[in-house]
Structures are given as structure tokens and as C-alpha cells.
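Structure first, then comments.
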Amino acid sequence: MNFADISADVTPLGHLENRRGVKILGLFGMSLLKNLEFVLDIRNNELQIFKLDKNGNRLKPASPVVKYDIIQKIAEFRNVMFVKAVIGGKVLDFCLDTGAESNVLSIDANKKVLGTVTITRRSSLSGVGENRGEVLYGTLNEFSMGNRQMIPMETIVCSLTAMSQKYGYPIDGMLGFDFFAKGKIYINLVRQEMGICLKPEDNK
């Protein structure tokens, strides 16, 4: 696949390279994937990208066919993907970020939501740019998606006010590596749909 005339931000990535010990030439986002479907399989270090027809069907179906345990609608706003999940009986809006090291939950979330999190320690959060800050680190004990309860996941609890203001959309949390590591996940941006094929140990 070839892409031309792509707009991109220019920012230092040295702190990410130093943290991981890997040369990083850039990050690519949703603007490249809008008319495609991608399948992310972190366990096998694999990313597949499929061309789609106007109805969101793959031009070349994959083989073998994968059965997905959860199929969930997603929404797109300003090149950011959002999905709904339930914690503590409350429906929350999470943005999806395959490059994030951890899940993030807003410290301003409902008390019932925060009450489901077991805080384990304090840590620091870093992203693109040089900003860092102290945050709480814990475990999401209640997380449901597509009427299915998922086993506990690690999460960071911090303020998402700045991120919400930047996106112009109220964000309750962000789903990163700990979520995508749950199994094989496809995202089809034409059908605005996400599917999760859970790992055997998580499929309970």
C-alpha cells in the first residue's frame, strides 16, 4: 500500500526510543486507516491490513475465518476512535490508542467507577512530547464490553481534562496495550465496528 501527500506532526521521539531501546521513525494514526480494516494480534506480533469495498467487506477474505467473541460498535471523532464500555454499572466513553503503554481511567470518573479499581502503586505517565506526571496505578476489576465481562486489567488513573479539551470530546478513559493484549482485535472503520477474539485464558 502506498500513501501520498500525508499530513504529519513533527515532534521529538527520543524519550520513547530511550525508554524502549528501539529506533522509532514515526507513529501512524487513524487518518491512514479510514477506508481499511486492520487486525492487531499482539501475542504474535502481527498487524494485518485489508482493503475494503464500499460496504466495508474485505476484497480478499482472510483464511482461516476467525470467530470473534465480542463485536462492538465504534465511533470516530476528529480522527480518534471511541468505544463504549461499562464499569460499575456506568457506561463510559473510551478512546482507543494502540500505541499507549497502559489503559487509562479518568480520575474524575463516577465514584462507583473508581470504587472498582484496586490501587497498587504510584507511577509516572509519559507520551509524545516531554510531559510527565505522577499517576495512580491499579487494576480494573469490573470492565464489560458487548455484554461480556472481561477479566481484570491494569490501568492508570489520572486526569484526562487536557486530553478531553484537545479532542473536544469528553473522555472517560483510554484503552491501550493491556486491552489490545487480550487477544486478536479487528477494527473496520467503514462499518465502524470492532471485534475481539479473546485469548483462551481470557475467554471465560
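Chain labels A, B, ... are given in the sequence in which chains occur in the C-alpha cells; within each chain residues are numbered consecutively from 1, and ligands are likewise numbered from 1 in the order shown.
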All residues 10 Å or closer to A:Tyr169, only C-alpha atoms, same chain fewer than 6 positions away omitted, as a PDB file with N, CA and C atoms, in the first residue's frame:
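Printed below is result39.pdb as written:
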ATOM      1  N   PHE A  77     -14.268  10.526  15.916  1.00  0.00           N
ATOM      2  CA  PHE A  77     -14.401  11.972  16.072  1.00  0.00           C
ATOM      3  C   PHE A  77     -13.021  12.590  15.983  1.00  0.00           C
ATOM      4  N   ARG A  78     -12.822  13.426  14.982  1.00  0.00           N
ATOM      5  CA  ARG A  78     -11.536  14.101  14.777  1.00  0.00           C
ATOM      6  C   ARG A  78     -10.362  13.118  14.722  1.00  0.00           C
ATOM      7  N   VAL A  80     -10.072  10.230  15.963  1.00  0.00           N
ATOM      8  CA  VAL A  80      -9.889   9.441  17.191  1.00  0.00           C
ATOM      9  C   VAL A  80     -11.034   8.436  17.276  1.00  0.00           C
ATOM     10  N   PHE A  82     -13.527   5.916  19.326  1.00  0.00           N
ATOM     11  CA  PHE A  82     -14.138   5.808  20.638  1.00  0.00           C
ATOM     12  C   PHE A  82     -15.014   4.565  20.704  1.00  0.00           C
ATOM     13  N   ASP A  93     -17.163   6.391  27.883  1.00  0.00           N
ATOM     14  CA  ASP A  93     -16.567   6.553  26.556  1.00  0.00           C
ATOM     15  C   ASP A  93     -15.050   6.446  26.662  1.00  0.00           C
ATOM     16  N   CYS A  95     -11.405   6.206  24.452  1.00  0.00           N
ATOM     17  CA  CYS A  95     -10.740   6.318  23.161  1.00  0.00           C
ATOM     18  C   CYS A  95      -9.766   5.150  23.028  1.00  0.00           C
ATOM     19  N   THR A 161      -8.508  15.740  31.641  1.00  0.00           N
ATOM     20  CA  THR A 161      -9.110  17.024  31.275  1.00  0.00           C
ATOM     21  C   THR A 161      -8.427  17.633  30.058  1.00  0.00           C
ATOM     22  N   MET A 163      -6.677  16.173  27.707  1.00  0.00           N
ATOM     23  CA  MET A 163      -6.934  15.372  26.521  1.00  0.00           C
ATOM     24  C   MET A 163      -8.350  15.610  26.000  1.00  0.00           C
TER      25      MET A 163
END
Surrounding residues of A:Leu198 excluding itself and chain neighbours under 2 positions, 8 Å, only C-alpha atoms, as a list in words |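 Those residues are Tyr68, Asp69, Lys182, Gly183, Lys184, Ile196, Pro200, Asp202 and Asn203 of chain A.
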Which residue of A:Met81, A:Val65, A:Val190, A:Ile49 approaches A:Thr98 most closely, using only C-alpha atoms =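 That would be A:Met81, the residue with the smallest distance to A:Thr98.
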Can you build me a table of stretch 57-126 of chain A residues sitting at most 12 Å from stretch 150-154 of chain A, with the closest atom pair per residue and its distance in Å to one decimal, using only C-alpha atoms, sorted by chain and residue number, as a Markdown table?
| residue | atom | partner | partner_atom | distance |
| --- | --- | --- | --- | --- |
| A:Asp69 | CA | A:Met150 | CA | 11.0 |
| A:Ile70 | CA | A:Met150 | CA | 10.3 |
| A:Ala85 | CA | A:Met150 | CA | 10.5 |
| A:Val86 | CA | A:Met150 | CA | 10.5 |
| A:Ile87 | CA | A:Met150 | CA | 10.6 |
| A:Glu101 | CA | A:Glu154 | CA | 10.4 |
| A:Ser102 | CA | A:Glu154 | CA | 7.1 |
| A:Asn103 | CA | A:Glu154 | CA | 6.8 |
| A:Val104 | CA | A:Glu154 | CA | 8.8 |
| A:Leu105 | CA | A:Glu154 | CA | 10.2 |
| A:Thr116 | CA | A:Pro152 | CA | 10.2 |
| A:Val117 | CA | A:Glu154 | CA | 9.2 |
| A:Thr118 | CA | A:Glu154 | CA | 9.3 |
| A:Ile119 | CA | A:Glu154 | CA | 9.7 |
| A:Thr120 | CA | A:Glu154 | CA | 9.6 |
| A:Arg121 | CA | A:Glu154 | CA | 11.3 |
Looking only at strand (DSSP E or B) from DSSP on the backbone, list the matching residues of chain A as an MDAnalysis selection string.
-> chainID A and resid 36:41 46:52 58 70:77 80:87 90:96 103:106 117:126 132:140 143:145 148:150 153:158 173:175 183:188 193:198
So that I can check the secondary structure, give me every residue of stretch 13-187 of chain A assigned helix (DSSP H, G or I) by backbone DSSP, as a compact mmCIF listing (two decimals) with C-alpha atoms, in the first residue's frame.
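Heads up, here's the output in out.txt:
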# COMPACT_ATOMS: atom_id res chain seq x y z
CA GLY A 14 13.87 10.39 21.57
CA HIS A 15 12.36 9.83 25.02
CA LEU A 16 10.25 6.96 23.66
CA GLU A 17 13.29 5.47 21.91
CA ASN A 18 15.37 5.70 25.08
CA ARG A 19 12.63 4.13 27.18
CA ARG A 20 12.22 1.13 24.86
CA MET A 30 -6.23 6.65 12.05
CA SER A 31 -6.07 9.02 9.08
CA LEU A 32 -4.18 6.28 7.18
CA LYS A 111 -17.27 7.24 42.48
CA LYS A 112 -18.87 3.87 41.70
CA VAL A 113 -16.49 3.51 38.77
CA LEU A 114 -13.40 4.47 40.76
CA THR A 161 -9.11 17.02 31.27
CA ALA A 162 -6.37 18.26 28.94
CA MET A 163 -6.93 15.37 26.52
CA SER A 164 -10.70 15.96 26.51
CA GLN A 165 -10.16 19.65 25.78
CA LYS A 166 -7.74 18.86 22.96
CA TYR A 167 -10.12 16.39 21.30
CA PHE A 177 -1.70 -2.15 25.40
CA ASP A 178 -3.32 -4.02 28.31
CA PHE A 179 -6.62 -4.03 26.43
CA PHE A 180 -5.24 -4.91 23.00
Can you tell me how far atom CA of A:Lys23 sits from atom CA of A:Asn79, in Å to one decimal?
-> 25.6 Å
Please indicate the distance in Å from atom CA of A:Ala62 to atom CA of A:Phe50, rounded to one decimal place.
->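 Separation of atom CA of A:Ala62 and atom CA of A:Phe50: 8.8 Å.
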Gap from atom CA of A:Gly195 to atom CA of A:Ser106 - Å, one decimal |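 Taking atom CA of A:Gly195 as the start and atom CA of A:Ser106 as the end point, the length is 24.4 Å.
Residues within 12 Å of A:Leu36, counting only C-alpha atoms and excluding same-chain residues fewer than 4 positions away, are Met1, Met30, Ser31, Leu32, Gln48, Ile49, Phe50, Lys51, Leu52, Asp53, Lys54, Asn55, Gly56, Asn57, Arg58, Leu59, Tyr186, Ile187, Asn188, Leu189, Val190, Arg191, Gln192 and Glu193 of chain A.
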